[in-house]
Amino acid sequence: MPRTTAQNERPSEFATGTGTLRLPPRIHFGYGVRRQLPSLLAEHGRKVFAVVDPFLADSPEFVRLLGELHEAGLTVLVHTEVLPELPVHSLTASGAVAAGFSPDVVLAYGGGSALDAAKLIALLVAHGGPLGAYYGENKVPGPILPIVAVPTTAGTGSEVTPVAVISDPDQEMKIGISSPHLIPVAAVVDPELTLGAPPSVTAYAGIDALVHALESYTAAVLPLDWSVTLPVFTGHNLFAGHLALEAVRRIAPHLARAVADGGDRDARAQVAYGSLLAGMSFGPSGTHLSHALQYPIGAITKTPHGLGTGLMIPYVLQACVPVIPHKLAAIDAALGGSESDPWVAAQAAVDKVAQLCRTIGIPVRLADIGVSRDDLPRIAELALRAKRLVDISPIGSEPQTILTLLEAAHAGDRELIASAAVRDR
């Protein structure tokens, strides 16, 4: 006889869940994998437009790579006009330079800004501007120029994701362009390129990677209509959950070591691998409130993206405790916890994440980075505009919920969130 589920038996995640992955056709990870770059680029043509962080253009590793590309018969135009925060006007100008070169393939080499810039330049060459026409989800009409992405920091995961984030003064905050067409054709993640990164860069990039994993795993399960075009971010799914927890296991125990010692090869490899897994995870599932809040916070304070997401994540997770304790308990186990009571484990997970943030130098309070209490309502209002993010929140997106998070973060007191949760029950 076929097996049946007892009425009082909770259906497994596999009985009710679905899975989605959208990834580059090629992903290479490990020390030395950058030697694949000449052949990977040559697969797509002979003319390479290289988008490179300006401070890396003269680095020994990139100069060596250029020599290898020339030996392979490739023509390379190096473009280093990658400005902090990627102002939209700068990308429009870079797109015009690239279009004049008529490249076959784009090489993205550097941190998250360089990788995102490469995506948007490839978009402009393929489909023209303005970039504002593509803001939001699924606005890119078709394939863009192929991109081979080479991250030199362990943080954004942009080498495997369908999103690029820019700053637009008309929007008062950063804004995303999201489309499966933005996913690179190859991701080459060589931890060698992250060795020696400054402690602050390592900390902000690494904590952002951890936030990607944490928010992907805690993302709400969204109702999906499989008969129409899916949203780019589909909420928690079966594949993303496993990838996210493994990312937590790799990043959390090794990030402080990587920050303390830029030459620690094992710690650098672990964090780089975790960052890659986190990108693979949140690419289809999405992130939520830490990112939605960081966009206006970053715009107001001019602070690095990872600093903002790292500052906010303990408060966002604290608000999740009464809503998704079992998910947070699974995170605690991935962080090395052994508590069997899910409620105790859930709080332990939040405490562990908060302690890691303090250890690597992430500020505890919004007040510490120049946010005034009077700024909080406007930050909440702007964050709610990031619909693709707030819709994935497991705790909802009521304005008062968002304001409570901000008030707690401004004061540096997570107990304000716990008190609000008790009052709301």
# chains A, B, ... in the order shown; residues from 1 in each chain; ligands from 1
call {"tool": "residues_around", "arguments": {"residues": "Ile27 in chain A", "least_positions_apart": "2", "cutoff": "9 Å", "atoms": "only C-alpha atoms", "output": "JSON, numbers by chain"}}
result
{"A": [23, 24, 25, 29, 160, 185, 186, 187, 188, 189]}
call {"tool": "write_last_selection", "arguments": {"atoms": "N, CA, C and O atoms", "output": "PDB file, in the first residue's frame"}}
result
ATOM      1  N   LEU A  23      22.856  29.873 -12.268  1.00  0.00           N
ATOM      2  CA  LEU A  23      24.292  30.003 -12.021  1.00  0.00           C
ATOM      3  C   LEU A  23      25.063  30.117 -13.331  1.00  0.00           C
ATOM      4  O   LEU A  23      24.558  29.742 -14.398  1.00  0.00           O
ATOM      5  N   PRO A  24      26.304  30.606 -13.270  1.00  0.00           N
ATOM      6  CA  PRO A  24      27.150  30.580 -14.463  1.00  0.00           C
ATOM      7  C   PRO A  24      27.358  29.144 -14.949  1.00  0.00           C
ATOM      8  O   PRO A  24      27.395  28.209 -14.135  1.00  0.00           O
ATOM      9  N   PRO A  25      27.506  28.950 -16.255  1.00  0.00           N
ATOM     10  CA  PRO A  25      27.819  27.611 -16.756  1.00  0.00           C
ATOM     11  C   PRO A  25      29.128  27.049 -16.214  1.00  0.00           C
ATOM     12  O   PRO A  25      29.291  25.838 -16.093  1.00  0.00           O
ATOM     13  N   PHE A  29      36.838  27.202  -8.496  1.00  0.00           N
ATOM     14  CA  PHE A  29      37.280  27.699  -7.192  1.00  0.00           C
ATOM     15  C   PHE A  29      38.563  27.002  -6.789  1.00  0.00           C
ATOM     16  O   PHE A  29      38.705  25.791  -6.941  1.00  0.00           O
ATOM     17  N   VAL A 160      28.402  35.277  -9.274  1.00  0.00           N
ATOM     18  CA  VAL A 160      27.421  34.235  -9.592  1.00  0.00           C
ATOM     19  C   VAL A 160      25.975  34.714  -9.485  1.00  0.00           C
ATOM     20  O   VAL A 160      25.047  33.909  -9.592  1.00  0.00           O
ATOM     21  N   VAL A 185      29.031  34.374 -17.472  1.00  0.00           N
ATOM     22  CA  VAL A 185      29.150  33.054 -18.100  1.00  0.00           C
ATOM     23  C   VAL A 185      30.180  32.196 -17.376  1.00  0.00           C
ATOM     24  O   VAL A 185      30.189  30.970 -17.530  1.00  0.00           O
ATOM     25  N   ALA A 186      31.050  32.828 -16.597  1.00  0.00           N
ATOM     26  CA  ALA A 186      32.041  32.078 -15.825  1.00  0.00           C
ATOM     27  C   ALA A 186      32.435  32.865 -14.592  1.00  0.00           C
ATOM     28  O   ALA A 186      32.539  34.094 -14.632  1.00  0.00           O
ATOM     29  N   ALA A 187      32.637  32.134 -13.498  1.00  0.00           N
ATOM     30  CA  ALA A 187      33.126  32.713 -12.250  1.00  0.00           C
ATOM     31  C   ALA A 187      34.427  32.006 -11.889  1.00  0.00           C
ATOM     32  O   ALA A 187      34.463  30.773 -11.808  1.00  0.00           O
ATOM     33  N   VAL A 188      35.465  32.782 -11.691  1.00  0.00           N
ATOM     34  CA  VAL A 188      36.782  32.238 -11.357  1.00  0.00           C
ATOM     35  C   VAL A 188      37.189  32.816 -10.004  1.00  0.00           C
ATOM     36  O   VAL A 188      37.541  33.990  -9.901  1.00  0.00           O
ATOM     37  N   VAL A 189      37.104  31.993  -8.973  1.00  0.00           N
ATOM     38  CA  VAL A 189      37.328  32.452  -7.600  1.00  0.00           C
ATOM     39  C   VAL A 189      38.633  31.842  -7.097  1.00  0.00           C
ATOM     40  O   VAL A 189      38.681  30.667  -6.707  1.00  0.00           O
TER      41      VAL A 189
END
call {"tool": "residues_around", "arguments": {"residues": "Arg268 in chain A", "least_positions_apart": "6", "cutoff": "10 Å", "atoms": "only C-alpha atoms", "output": "MDAnalysis selection string"}}
result
chainID A and resid 153:154 190:197 202 206 251 254:255 257:259 261:262 274
call {"tool": "closest_residue", "arguments": {"among": "A:Thr309, A:Ser281, A:Thr287, A:Ser216", "to": "Tyr204 in chain A", "atoms": "only C-alpha atoms"}}
result
A:Thr309
call {"tool": "residues_around", "arguments": {"residues": "Lys119 in chain A", "least_positions_apart": "4", "cutoff": "10 Å", "atoms": "only C-alpha atoms", "output": "list in words"}}
result
Val51, Val106, Leu107, Ala108, Ser113, Ala114, Leu115, Leu123, Leu124, Ile144, Leu145, Pro146, Ile147, Val148, Ala149, Ser158, Glu159, Pro162, Val163, Ala164, Val165, Ile177, His181, Leu182, Ile183 and Pro184 of chain A
call {"tool": "closest_residue", "arguments": {"among": "A:Ser393, A:Thr218, A:Thr161, A:Thr404", "to": "Pro325 in chain A", "atoms": "only C-alpha atoms"}}
result
A:Thr218
call {"tool": "residues_around", "arguments": {"residues": "Gly286 in chain A", "least_positions_apart": "3", "cutoff": "9 Å", "atoms": "only C-alpha atoms", "output": "PDB file with N, CA, C and O atoms, in the first residue's frame"}}
result
ATOM      1  N   HIS A 212      24.577  37.597   3.468  1.00  0.00           N
ATOM      2  CA  HIS A 212      23.923  36.977   2.313  1.00  0.00           C
ATOM      3  C   HIS A 212      23.409  35.583   2.671  1.00  0.00           C
ATOM      4  O   HIS A 212      22.275  35.222   2.340  1.00  0.00           O
ATOM      5  N   GLU A 215      20.508  35.829   5.418  1.00  0.00           N
ATOM      6  CA  GLU A 215      19.232  36.334   4.905  1.00  0.00           C
ATOM      7  C   GLU A 215      18.645  35.404   3.848  1.00  0.00           C
ATOM      8  O   GLU A 215      17.419  35.297   3.726  1.00  0.00           O
ATOM      9  N   SER A 216      19.493  34.733   3.095  1.00  0.00           N
ATOM     10  CA  SER A 216      18.972  33.746   2.151  1.00  0.00           C
ATOM     11  C   SER A 216      18.284  32.611   2.905  1.00  0.00           C
ATOM     12  O   SER A 216      17.180  32.185   2.542  1.00  0.00           O
ATOM     13  N   ALA A 219      15.000  33.739   4.496  1.00  0.00           N
ATOM     14  CA  ALA A 219      14.022  34.351   3.593  1.00  0.00           C
ATOM     15  C   ALA A 219      12.676  33.648   3.712  1.00  0.00           C
ATOM     16  O   ALA A 219      12.593  32.437   3.943  1.00  0.00           O
ATOM     17  N   VAL A 232      12.932  37.483  -9.981  1.00  0.00           N
ATOM     18  CA  VAL A 232      14.344  37.121  -9.893  1.00  0.00           C
ATOM     19  C   VAL A 232      14.635  36.483  -8.540  1.00  0.00           C
ATOM     20  O   VAL A 232      15.319  35.459  -8.443  1.00  0.00           O
ATOM     21  N   PHE A 233      14.110  37.068  -7.479  1.00  0.00           N
ATOM     22  CA  PHE A 233      14.286  36.517  -6.137  1.00  0.00           C
ATOM     23  C   PHE A 233      13.010  35.795  -5.731  1.00  0.00           C
ATOM     24  O   PHE A 233      11.939  36.402  -5.651  1.00  0.00           O
ATOM     25  N   THR A 234      13.130  34.505  -5.479  1.00  0.00           N
ATOM     26  CA  THR A 234      11.957  33.652  -5.281  1.00  0.00           C
ATOM     27  C   THR A 234      11.753  33.218  -3.837  1.00  0.00           C
ATOM     28  O   THR A 234      10.902  32.383  -3.555  1.00  0.00           O
ATOM     29  N   GLY A 235      12.526  33.760  -2.908  1.00  0.00           N
ATOM     30  CA  GLY A 235      12.374  33.379  -1.512  1.00  0.00           C
ATOM     31  C   GLY A 235      13.105  32.082  -1.192  1.00  0.00           C
ATOM     32  O   GLY A 235      13.794  31.497  -2.034  1.00  0.00           O
ATOM     33  N   HIS A 236      12.936  31.624   0.032  1.00  0.00           N
ATOM     34  CA  HIS A 236      13.633  30.422   0.499  1.00  0.00           C
ATOM     35  C   HIS A 236      13.335  29.248  -0.423  1.00  0.00           C
ATOM     36  O   HIS A 236      12.186  29.022  -0.796  1.00  0.00           O
ATOM     37  N   SER A 281      23.629  30.949  -3.170  1.00  0.00           N
ATOM     38  CA  SER A 281      22.399  30.805  -2.399  1.00  0.00           C
ATOM     39  C   SER A 281      21.454  31.979  -2.592  1.00  0.00           C
ATOM     40  O   SER A 281      20.273  31.807  -2.912  1.00  0.00           O
ATOM     41  N   PHE A 282      21.958  33.206  -2.407  1.00  0.00           N
ATOM     42  CA  PHE A 282      21.020  34.327  -2.435  1.00  0.00           C
ATOM     43  C   PHE A 282      20.674  34.768  -3.851  1.00  0.00           C
ATOM     44  O   PHE A 282      19.702  35.493  -4.058  1.00  0.00           O
ATOM     45  N   GLY A 283      21.451  34.319  -4.852  1.00  0.00           N
ATOM     46  CA  GLY A 283      21.117  34.667  -6.226  1.00  0.00           C
ATOM     47  C   GLY A 283      19.688  34.326  -6.596  1.00  0.00           C
ATOM     48  O   GLY A 283      18.969  35.159  -7.154  1.00  0.00           O
ATOM     49  N   ARG A 388      11.657  44.425  -3.747  1.00  0.00           N
ATOM     50  CA  ARG A 388      12.190  43.093  -4.033  1.00  0.00           C
ATOM     51  C   ARG A 388      12.861  42.491  -2.808  1.00  0.00           C
ATOM     52  O   ARG A 388      13.000  41.268  -2.707  1.00  0.00           O
ATOM     53  N   LEU A 389      13.275  43.352  -1.856  1.00  0.00           N
ATOM     54  CA  LEU A 389      13.923  42.885  -0.635  1.00  0.00           C
ATOM     55  C   LEU A 389      12.931  42.731   0.507  1.00  0.00           C
ATOM     56  O   LEU A 389      12.905  41.693   1.181  1.00  0.00           O
ATOM     57  N   ILE A 392      10.635  39.707   0.870  1.00  0.00           N
ATOM     58  CA  ILE A 392      11.225  38.424   1.260  1.00  0.00           C
ATOM     59  C   ILE A 392      11.398  38.336   2.776  1.00  0.00           C
ATOM     60  O   ILE A 392      11.748  37.288   3.324  1.00  0.00           O
TER      61      ILE A 392
END
call {"tool": "closest_residue", "arguments": {"among": "A:Pro223, A:Pro314, A:Pro141, A:Gly157", "to": "Arg414 in chain A", "atoms": "only C-alpha atoms"}}
result
A:Pro314
call {"tool": "residues_around", "arguments": {"residues": "Leu238 in chain A", "least_positions_apart": "4", "cutoff": "8 Å", "atoms": "only C-alpha atoms", "output": "MDAnalysis selection string"}}
result
chainID A and resid 13:14 17:20 242
call {"tool": "closest_atom_pairs", "arguments": {"of": "range 225-302 of chain A", "to": "range 64-87 of chain A", "cutoff": "10 Å", "atoms": "only C-alpha atoms", "output": "JSON lines"}}
result
{"residue": "A:Gly298", "atom": "CA", "partner": "A:Glu85", "partner_atom": "CA", "distance": 9.5}
{"residue": "A:Ala299", "atom": "CA", "partner": "A:Glu85", "partner_atom": "CA", "distance": 9.2}
{"residue": "A:Lys302", "atom": "CA", "partner": "A:Glu85", "partner_atom": "CA", "distance": 9.0}
call {"tool": "select_by_dssp", "arguments": {"residues": "range 14-157 of chain A", "states": "helix (DSSP H, G or I)", "output": "JSON, numbers by chain"}}
result
{"A": [14, 15, 16, 33, 34, 35, 36, 37, 38, 39, 40, 41, 42, 54, 55, 56, 60, 61, 62, 63, 64, 65, 66, 67, 68, 69, 70, 71, 88, 89, 90, 91, 92, 93, 94, 95, 96, 97, 98, 99, 100, 101, 112, 113, 114, 115, 116, 117, 118, 119, 120, 121, 122, 123, 124, 125, 126, 127, 131, 132, 133, 134]}
call {"tool": "decode", "arguments": {"residues": "range 84-220 of chain A", "atoms": "C-alpha atoms", "output": "short mmCIF file (atom, residue, chain, number, x, y, z; two decimals), in the first residue's frame"}}
result
data_model
loop_
_atom_site.label_atom_id
_atom_site.label_comp_id
_atom_site.auth_asym_id
_atom_site.auth_seq_id
_atom_site.Cartn_x
_atom_site.Cartn_y
_atom_site.Cartn_z
CA PRO A 84 32.99 54.13 -5.48
CA GLU A 85 29.26 53.42 -5.13
CA LEU A 86 28.96 53.23 -8.96
CA PRO A 87 27.20 56.52 -9.74
CA VAL A 88 24.91 56.01 -12.71
CA HIS A 89 26.49 58.77 -14.82
CA SER A 90 29.91 57.12 -14.60
CA LEU A 91 28.51 53.83 -15.89
CA THR A 92 26.84 55.56 -18.81
CA ALA A 93 30.24 57.01 -19.79
CA SER A 94 31.94 53.63 -19.35
CA GLY A 95 29.30 51.99 -21.51
CA ALA A 96 30.08 54.45 -24.30
CA VAL A 97 33.81 53.64 -24.08
CA ALA A 98 33.07 49.92 -24.24
CA ALA A 99 30.68 50.30 -27.18
CA GLY A 100 33.40 52.16 -29.10
CA PHE A 101 35.75 49.20 -28.59
CA SER A 102 33.13 46.63 -29.73
CA PRO A 103 34.28 43.86 -27.39
CA ASP A 104 33.38 40.20 -27.69
CA VAL A 105 33.61 39.53 -23.95
CA VAL A 106 33.95 41.47 -20.70
CA LEU A 107 36.46 40.59 -17.99
CA ALA A 108 35.35 41.73 -14.52
CA TYR A 109 38.33 41.87 -12.14
CA GLY A 110 38.18 43.28 -8.63
CA GLY A 111 35.76 43.79 -5.78
CA GLY A 112 32.00 43.95 -5.92
CA SER A 113 31.93 47.39 -7.52
CA ALA A 114 34.09 46.26 -10.44
CA LEU A 115 31.99 43.15 -10.97
CA ASP A 116 28.71 45.08 -10.84
CA ALA A 117 30.13 47.77 -13.14
CA ALA A 118 31.11 45.09 -15.66
CA LYS A 119 27.56 43.71 -15.64
CA LEU A 120 26.05 47.10 -16.32
CA ILE A 121 28.60 48.01 -18.99
CA ALA A 122 27.88 44.71 -20.73
CA LEU A 123 24.17 45.53 -20.50
CA LEU A 124 24.64 48.99 -22.01
CA VAL A 125 26.70 47.66 -24.91
CA ALA A 126 24.09 45.01 -25.69
CA HIS A 127 20.89 47.00 -25.22
CA GLY A 128 21.72 50.68 -24.84
CA GLY A 129 20.62 53.08 -22.12
CA PRO A 130 19.47 54.67 -20.01
CA LEU A 131 20.17 52.39 -17.07
CA GLY A 132 17.04 53.72 -15.37
CA ALA A 133 14.98 51.72 -17.86
CA TYR A 134 16.23 48.52 -16.22
CA TYR A 135 15.74 49.38 -12.53
CA GLY A 136 13.95 46.62 -10.66
CA GLU A 137 13.42 43.03 -11.74
CA ASN A 138 13.26 41.35 -15.13
CA LYS A 139 13.59 44.55 -17.17
CA VAL A 140 16.63 43.40 -19.19
CA PRO A 141 15.18 42.27 -22.53
CA GLY A 142 17.72 39.60 -23.47
CA PRO A 143 21.30 38.32 -23.22
CA ILE A 144 24.12 40.79 -22.63
CA LEU A 145 27.78 40.55 -23.54
CA PRO A 146 29.35 37.48 -21.90
CA ILE A 147 31.16 38.27 -18.63
CA VAL A 148 33.97 36.32 -17.01
CA ALA A 149 34.03 37.42 -13.37
CA VAL A 150 37.10 37.29 -11.13
CA PRO A 151 36.50 38.54 -7.57
CA THR A 152 39.49 39.79 -5.58
CA THR A 153 37.54 40.19 -2.34
CA ALA A 154 35.45 37.59 -0.55
CA GLY A 155 32.11 39.23 -0.01
CA THR A 156 29.63 40.26 -2.67
CA GLY A 157 29.16 36.98 -4.52
CA SER A 158 28.46 39.09 -7.61
CA GLU A 159 30.40 36.61 -9.75
CA VAL A 160 27.42 34.23 -9.59
CA THR A 161 24.39 36.48 -9.01
CA PRO A 162 21.77 38.11 -11.25
CA VAL A 163 21.95 41.56 -9.66
CA ALA A 164 24.03 44.74 -9.90
CA VAL A 165 23.63 47.70 -7.56
CA ILE A 166 24.32 51.34 -8.44
CA SER A 167 23.74 54.76 -6.90
CA ASP A 168 21.36 57.23 -8.48
CA PRO A 169 20.99 60.69 -6.90
CA ASP A 170 17.37 60.84 -8.01
CA GLN A 171 16.60 57.75 -5.91
CA GLU A 172 18.27 58.95 -2.64
CA MET A 173 19.80 55.50 -2.20
CA LYS A 174 21.37 52.61 -4.04
CA ILE A 175 19.14 50.73 -6.42
CA GLY A 176 19.35 47.31 -8.01
CA ILE A 177 19.01 45.98 -11.53
CA SER A 178 18.07 42.32 -11.36
CA SER A 179 17.82 39.85 -14.22
CA PRO A 180 19.03 36.32 -14.95
CA HIS A 181 20.67 37.85 -18.04
CA LEU A 182 23.21 39.58 -15.74
CA ILE A 183 24.69 36.29 -14.51
CA PRO A 184 28.26 35.92 -15.78
CA VAL A 185 29.15 33.05 -18.10
CA ALA A 186 32.04 32.08 -15.83
CA ALA A 187 33.13 32.71 -12.25
CA VAL A 188 36.78 32.24 -11.36
CA VAL A 189 37.33 32.45 -7.60
CA ASP A 190 41.01 32.18 -6.71
CA PRO A 191 41.73 32.87 -3.01
CA GLU A 192 45.27 33.89 -3.99
CA LEU A 193 43.82 37.18 -5.22
CA THR A 194 42.39 37.96 -1.77
CA LEU A 195 45.66 37.53 0.12
CA GLY A 196 46.85 40.72 1.77
CA ALA A 197 43.54 42.57 1.53
CA PRO A 198 43.38 45.18 4.34
CA PRO A 199 41.60 44.18 7.56
CA SER A 200 38.70 46.60 7.07
CA VAL A 201 38.09 45.43 3.49
CA THR A 202 38.22 41.82 4.63
CA ALA A 203 35.85 42.51 7.53
CA TYR A 204 33.23 44.44 5.57
CA ALA A 205 33.27 42.09 2.59
CA GLY A 206 33.29 38.97 4.75
CA ILE A 207 30.44 40.01 7.01
CA ASP A 208 28.39 40.96 3.97
CA ALA A 209 28.93 37.44 2.62
CA LEU A 210 27.73 36.02 5.94
CA VAL A 211 24.68 38.29 5.81
CA HIS A 212 23.92 36.98 2.31
CA ALA A 213 23.87 33.45 3.69
CA LEU A 214 21.86 34.35 6.80
CA GLU A 215 19.23 36.33 4.90
CA SER A 216 18.97 33.75 2.15
CA TYR A 217 18.36 31.00 4.71
CA THR A 218 15.84 33.04 6.69
CA ALA A 219 14.02 34.35 3.59
CA ALA A 220 10.28 33.85 3.58
#
